[in-house]
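**Q** Have a look at the structure that comes next, please.
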Amino acid sequence: MAGSSLLALIDDIATILDDVSLMTKAATKKTAGVLGDDLALNAQQVTGVKPARELPVVWAVAKGSFINKAILVPAAVAISFFVPWLVTPLLMLGGAFLCFEGFEKLAHKFLHGKEDDAHKQELHEALKNPAVDLKALEKDKIKGAIRTDFILSAEIIAITLGTVTGQGIGMQFLVLTVVAVMITVGVYGLVAGIVKLDDGGLYLSQKDSALAQRIGEGILWLAPYMMKTLSILGTIAMFLVGGGILTHGLPPVYDAIDHFSEGFGGIGATLVSTLADGLFGVLAGAILVGVLTPLINWWQKRGGEAVKE
């Protein structure tokens with residue numbers, strides 16, 4: 001009896017883990033857009049930080065990310081249990097934010113080009129000024145990165161919650177926890193690797209071996225392009241994921257895309273449907289940026305004037 005009970009327990013655990021694995025896989029696919037952006041943004045957060053402080057800064061932000069998710073996961077489960085009707089609106093809000101953020105990135109140079117140039121100049125001057133407290137500057141960078149991580153983590157948790165809404169509370173909590181831990185470890189592990197990639201390239205380029213030197217030079221050449229590629233792929237994924245969430249939440253749009261893509265059959269239908277989701281995401285992002293950007297600028301200007309007074 002005891003042996004059979006133990007085997008039954010092991011079988012149940014294996015089944016649960018298999019379910020968790022499948023749902024986690026589905027959730028991480030849907031959060032791909034946020035992950036690419038999260039990775040690129042956090043790697044950029046160490047810009048201007050001394051090489052010796054890069055990994056401590058990444059670790060500090062990673063700890064903040066764990067705290068963010070420790071808040072967000074129970075909050076998501078509570079929402080699913082007490083106000084389940086709120087899951088779909090939150091999911092749609094997350095999809096809309098992805099589209100907004102994606103299009104804002106495309107239009108960033110036109111909308112904020114002068115502000116970015118001014119910020120880079122200020123940072124450059126601050127780093128040259130011996131009177132500037134670099135520790136305070138570093139702390140500000142970490143706080144800013146943790147705030148950014150909170151927004152991105154909220155998107156990831158909302159999207160993941162949408163994939164497990166029909167499951168029990170225990171399963172929801174388990175999947176959300178697994179996704180949160182995997183994403184945090186994966187993203188910040190990769191960020192740590194990326195920010196130290198140039199150091200590895202420099203180390204190899206100074207070796208006596210001609211092969212090692214070539215590899216090192218290749219790494220030094222590749223590193224900046226890797227960041228740009230991550231940013232581009234992250235933006236594309238934002239439109240695909242965000243647009244997909246919005247079209248699935250709007251039955252007339254979803255039905256129209258489904259009907260149109262059926263004529264292509266098989267893989268062609270999937271590709272056409274995915275492309276349509278992405279184009280819808282771009283359109284939604286353009287509308288949201290057009291509507292919200294003037295309001296955001298007005299609010300920021302109003303806040304600045306209030307501080308001066």
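By order of appearance in the structure tokens: chains A, B, ..., then residues from 1 within every chain, and ligands from 1 in the order shown.
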If you count only C-alpha atoms, which residues fall within 7 Å of region 97-103 of chain A, apart from same-chain ones fewer than 2 positions away, as an MDAnalysis selection string?
**A** chainID A and resid 93:95 105:107 235 238:239 242:243 281:282 284:286 288:289
**Q** Would you pick out the contacts of Lys207 (chain A) at 9 Å or less, using only C-alpha atoms, so that residues sharing its chain but fewer than 5 positions from it are not included, and give the list as an NGL selection string?
**A** :A and (212-213 or 216)
**Q** Given the selection you just returned, output its residues as a file containing all heavy atoms, formatted as a PDB file, in the first residue's frame.
**A**
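Saved to again-v5.pdb:
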```
ATOM      1  N   ALA A 212      43.057  33.056 -30.859  1.00  0.00           N
ATOM      2  CA  ALA A 212      42.414  33.735 -29.731  1.00  0.00           C
ATOM      3  C   ALA A 212      42.243  35.224 -30.026  1.00  0.00           C
ATOM      4  O   ALA A 212      41.214  35.821 -29.705  1.00  0.00           O
ATOM      5  CB  ALA A 212      43.236  33.536 -28.455  1.00  0.00           C
ATOM      6  N   GLN A 213      43.258  35.828 -30.637  1.00  0.00           N
ATOM      7  CA  GLN A 213      43.182  37.244 -30.988  1.00  0.00           C
ATOM      8  C   GLN A 213      42.043  37.508 -31.975  1.00  0.00           C
ATOM      9  O   GLN A 213      41.301  38.486 -31.838  1.00  0.00           O
ATOM     10  CB  GLN A 213      44.508  37.711 -31.580  1.00  0.00           C
ATOM     11  CG  GLN A 213      45.646  37.795 -30.563  1.00  0.00           C
ATOM     12  CD  GLN A 213      46.959  38.184 -31.203  1.00  0.00           C
ATOM     13  OE1 GLN A 213      47.021  38.509 -32.387  1.00  0.00           O
ATOM     14  NE2 GLN A 213      48.030  38.133 -30.416  1.00  0.00           N
ATOM     15  N   GLY A 216      38.754  37.190 -30.168  1.00  0.00           N
ATOM     16  CA  GLY A 216      38.566  38.366 -29.320  1.00  0.00           C
ATOM     17  C   GLY A 216      38.149  39.579 -30.128  1.00  0.00           C
ATOM     18  O   GLY A 216      37.224  40.319 -29.742  1.00  0.00           O
TER      19      GLY A 216
END
```
**Q** I'd like the contact shell of Val181 (chain A) - 9 Å cut-off, only C-alpha atoms, skipping same-chain residues fewer than 4 positions apart - returned as a list in words.
**A**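 So the residues in contact are Phe66, Lys69, Leu176, Thr177, Val185 and Gly186 of chain A.
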**Q** Report the distance between CA of Leu233 (chain A) and CA of Ala76 (chain A) in Å, rounded to one decimal place.
**A**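 One can read the CA of Leu233 (chain A) to CA of Ala76 (chain A) distance as 27.8 Å.
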**Q** Within 10 Å of Leu222 (chain A), counting only C-alpha atoms, which residues show up once you throw out same-chain ones fewer than 5 positions away? Write them as a PyMOL selection string, please.
**A** chain A and resi 197-198+201+216-217+227
**Q** So how far away is CA of Lys196 (chain A) from CA of Ala145 (chain A), in Å?
**A**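 For CA of Ala145 (chain A) relative to CA of Lys196 (chain A), the distance reads 18.2 Å.
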**Q** May I ask which of the residues A:Ser153, A:Gln300, A:Ser80, A:Thr163 is the closest one to Gly64 (chain A), counting only C-alpha atoms?
**A**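 Under the stated criterion, the closest residue is A:Ser153.
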**Q** Residues at most 10 Å from Phe173 (chain A), counting only C-alpha atoms, excluding those fewer than 2 positions away in the same chain, as an MDAnalysis selection string?
**A** chainID A and resid 73:74 76:78 161 164 167:171 175:179
**Q** Output the selection as a CSV table (one decimal), in the first residue's frame - all heavy atoms for each residue.
**A**
```csv
chain,number,residue,atom,x,y,z
A,73,VAL,N,3.4,38.4,-8.2
A,73,VAL,CA,2.8,37.0,-8.3
A,73,VAL,C,1.7,36.8,-7.4
A,73,VAL,O,0.6,36.4,-7.8
A,73,VAL,CB,3.9,35.9,-8.2
A,73,VAL,CG1,3.3,34.5,-8.0
A,73,VAL,CG2,4.9,35.9,-9.3
A,74,PRO,N,1.8,37.1,-6.1
A,74,PRO,CA,0.7,36.9,-5.2
A,74,PRO,C,-0.5,37.9,-5.6
A,74,PRO,O,-1.7,37.5,-5.4
A,74,PRO,CB,1.2,37.3,-3.8
A,74,PRO,CG,2.7,37.1,-3.9
A,74,PRO,CD,3.0,37.4,-5.3
A,76,ALA,N,-1.3,38.9,-8.6
A,76,ALA,CA,-1.9,38.3,-9.7
A,76,ALA,C,-2.9,37.2,-9.3
A,76,ALA,O,-4.0,37.0,-9.8
A,76,ALA,CB,-0.9,37.8,-10.7
A,77,VAL,N,-2.4,36.3,-8.4
A,77,VAL,CA,-3.2,35.2,-8.0
A,77,VAL,C,-4.4,35.7,-7.2
A,77,VAL,O,-5.6,35.1,-7.4
A,77,VAL,CB,-2.4,34.2,-7.1
A,77,VAL,CG1,-3.3,33.1,-6.5
A,77,VAL,CG2,-1.3,33.6,-7.9
A,78,ALA,N,-4.2,36.7,-6.4
A,78,ALA,CA,-5.4,37.3,-5.7
A,78,ALA,C,-6.4,37.9,-6.6
A,78,ALA,O,-7.6,37.7,-6.4
A,78,ALA,CB,-4.9,38.4,-4.7
A,161,LEU,N,-0.6,35.2,-16.6
A,161,LEU,CA,-1.9,34.9,-16.0
A,161,LEU,C,-3.0,34.6,-17.0
A,161,LEU,O,-3.8,33.7,-16.7
A,161,LEU,CB,-2.3,36.1,-15.1
A,161,LEU,CG,-3.5,35.9,-14.2
A,161,LEU,CD1,-3.3,34.8,-13.2
A,161,LEU,CD2,-3.8,37.2,-13.5
A,164,VAL,N,-3.1,30.9,-17.9
A,164,VAL,CA,-3.5,29.9,-16.9
A,164,VAL,C,-4.8,30.2,-16.2
A,164,VAL,O,-5.0,29.7,-15.1
A,164,VAL,CB,-2.3,29.7,-15.9
A,164,VAL,CG1,-1.1,29.2,-16.6
A,164,VAL,CG2,-2.0,31.1,-15.2
A,167,GLN,N,-7.0,27.4,-14.9
A,167,GLN,CA,-6.5,26.4,-14.0
A,167,GLN,C,-6.8,26.8,-12.5
A,167,GLN,O,-7.3,27.9,-12.2
A,167,GLN,CB,-4.9,26.4,-14.1
A,167,GLN,CG,-4.5,26.1,-15.5
A,167,GLN,CD,-4.9,24.7,-15.9
A,167,GLN,OE1,-4.9,23.7,-15.1
A,167,GLN,NE2,-5.3,24.5,-17.2
A,168,GLY,N,-6.6,25.9,-11.6
A,168,GLY,CA,-6.8,26.1,-10.2
A,168,GLY,C,-5.8,27.1,-9.6
A,168,GLY,O,-4.8,27.4,-10.3
A,169,ILE,N,-6.1,27.7,-8.5
A,169,ILE,CA,-5.3,28.7,-7.9
A,169,ILE,C,-3.9,28.2,-7.6
A,169,ILE,O,-2.9,28.9,-7.9
A,169,ILE,CB,-5.9,29.2,-6.5
A,169,ILE,CG1,-7.2,29.9,-6.8
A,169,ILE,CG2,-4.9,30.2,-5.8
A,169,ILE,CD1,-7.1,31.2,-7.7
A,170,GLY,N,-3.8,26.9,-7.1
A,170,GLY,CA,-2.4,26.4,-6.8
A,170,GLY,C,-1.6,26.3,-8.1
A,170,GLY,O,-0.4,26.6,-8.1
A,171,MET,N,-2.2,25.8,-9.2
A,171,MET,CA,-1.5,25.7,-10.5
A,171,MET,C,-1.1,27.0,-11.0
A,171,MET,O,0.0,27.2,-11.5
A,171,MET,CB,-2.3,24.9,-11.5
A,171,MET,CG,-1.7,24.7,-12.8
A,171,MET,SD,-0.2,23.7,-12.7
A,171,MET,CE,-0.9,22.1,-12.6
A,175,VAL,N,2.8,28.1,-11.8
A,175,VAL,CA,3.2,28.5,-13.1
A,175,VAL,C,3.8,29.9,-13.1
A,175,VAL,O,4.9,30.2,-13.6
A,175,VAL,CB,2.1,28.4,-14.1
A,175,VAL,CG1,2.5,29.0,-15.5
A,175,VAL,CG2,1.7,26.9,-14.4
A,176,LEU,N,3.1,30.8,-12.4
A,176,LEU,CA,3.6,32.2,-12.3
A,176,LEU,C,4.9,32.3,-11.6
A,176,LEU,O,5.8,33.0,-12.0
A,176,LEU,CB,2.5,33.0,-11.5
A,176,LEU,CG,1.2,33.4,-12.3
A,176,LEU,CD1,0.2,34.0,-11.3
A,176,LEU,CD2,1.5,34.4,-13.4
A,177,THR,N,5.1,31.5,-10.6
A,177,THR,CA,6.3,31.4,-9.8
A,177,THR,C,7.5,30.9,-10.7
A,177,THR,O,8.6,31.5,-10.7
A,177,THR,CB,6.2,30.6,-8.5
A,177,THR,OG1,5.2,31.1,-7.7
A,177,THR,CG2,7.5,30.6,-7.8
A,178,VAL,N,7.2,29.8,-11.4
A,178,VAL,CA,8.2,29.2,-12.3
A,178,VAL,C,8.7,30.2,-13.3
A,178,VAL,O,9.8,30.4,-13.6
A,178,VAL,CB,7.7,27.9,-12.9
A,178,VAL,CG1,8.7,27.4,-14.0
A,178,VAL,CG2,7.6,26.8,-11.8
A,179,VAL,N,7.7,30.8,-14.0
A,179,VAL,CA,7.9,31.8,-15.0
A,179,VAL,C,8.7,33.0,-14.5
A,179,VAL,O,9.7,33.4,-15.1
A,179,VAL,CB,6.6,32.3,-15.7
A,179,VAL,CG1,6.9,33.5,-16.6
A,179,VAL,CG2,6.0,31.2,-16.5
```
**Q** With a distance cut-off of 12 Å and only C-alpha atoms, select the neighbouring residues of Leu271 (chain A), excluding the residue or stretch itself and same-chain residues fewer than 6 positions from it, and output the selection as an mmCIF file with N, CA and C atoms, in the first residue's frame.
**A**
```
data_model
loop_
_atom_site.group_PDB
_atom_site.id
_atom_site.type_symbol
_atom_site.label_atom_id
_atom_site.label_comp_id
_atom_site.auth_asym_id
_atom_site.auth_seq_id
_atom_site.Cartn_x
_atom_site.Cartn_y
_atom_site.Cartn_z
ATOM 1 N N LEU A 240 4.058 41.719 -32.377
ATOM 2 C CA LEU A 240 3.450 40.411 -32.616
ATOM 3 C C LEU A 240 2.661 39.932 -31.391
ATOM 4 N N ILE A 257 -9.418 38.224 -39.268
ATOM 5 C CA ILE A 257 -8.061 37.730 -39.550
ATOM 6 C C ILE A 257 -8.084 36.218 -39.784
ATOM 7 N N ASP A 258 -8.852 35.502 -38.948
ATOM 8 C CA ASP A 258 -8.934 34.051 -39.067
ATOM 9 C C ASP A 258 -9.550 33.649 -40.418
ATOM 10 N N PHE A 260 -9.604 35.462 -43.193
ATOM 11 C CA PHE A 260 -8.696 35.839 -44.282
ATOM 12 C C PHE A 260 -7.533 34.858 -44.408
ATOM 13 N N SER A 261 -6.971 34.431 -43.260
ATOM 14 C CA SER A 261 -5.792 33.559 -43.281
ATOM 15 C C SER A 261 -6.122 32.116 -43.666
ATOM 16 N N GLU A 262 -7.389 31.708 -43.500
ATOM 17 C CA GLU A 262 -7.783 30.337 -43.833
ATOM 18 C C GLU A 262 -7.489 29.991 -45.291
ATOM 19 N N GLY A 263 -7.574 30.974 -46.184
ATOM 20 C CA GLY A 263 -7.366 30.735 -47.604
ATOM 21 C C GLY A 263 -5.945 30.343 -47.957
ATOM 22 N N PHE A 264 -4.991 30.577 -47.042
ATOM 23 C CA PHE A 264 -3.591 30.265 -47.318
ATOM 24 C C PHE A 264 -3.211 28.859 -46.867
ATOM 25 N N GLY A 265 -3.959 28.295 -45.948
ATOM 26 C CA GLY A 265 -3.761 26.913 -45.524
ATOM 27 C C GLY A 265 -2.453 26.629 -44.803
ATOM 28 N N ASP A 277 -1.520 40.002 -36.986
ATOM 29 C CA ASP A 277 -1.460 40.417 -35.575
ATOM 30 C C ASP A 277 -0.413 41.526 -35.393
ATOM 31 N N GLY A 278 0.750 41.332 -36.025
ATOM 32 C CA GLY A 278 1.814 42.328 -35.917
ATOM 33 C C GLY A 278 1.419 43.663 -36.513
#
```
**Q** How many Å lie between CA of Ile157 (chain A) and CA of Thr247 (chain A), rounded to one decimal?
**A** 19.4 Å
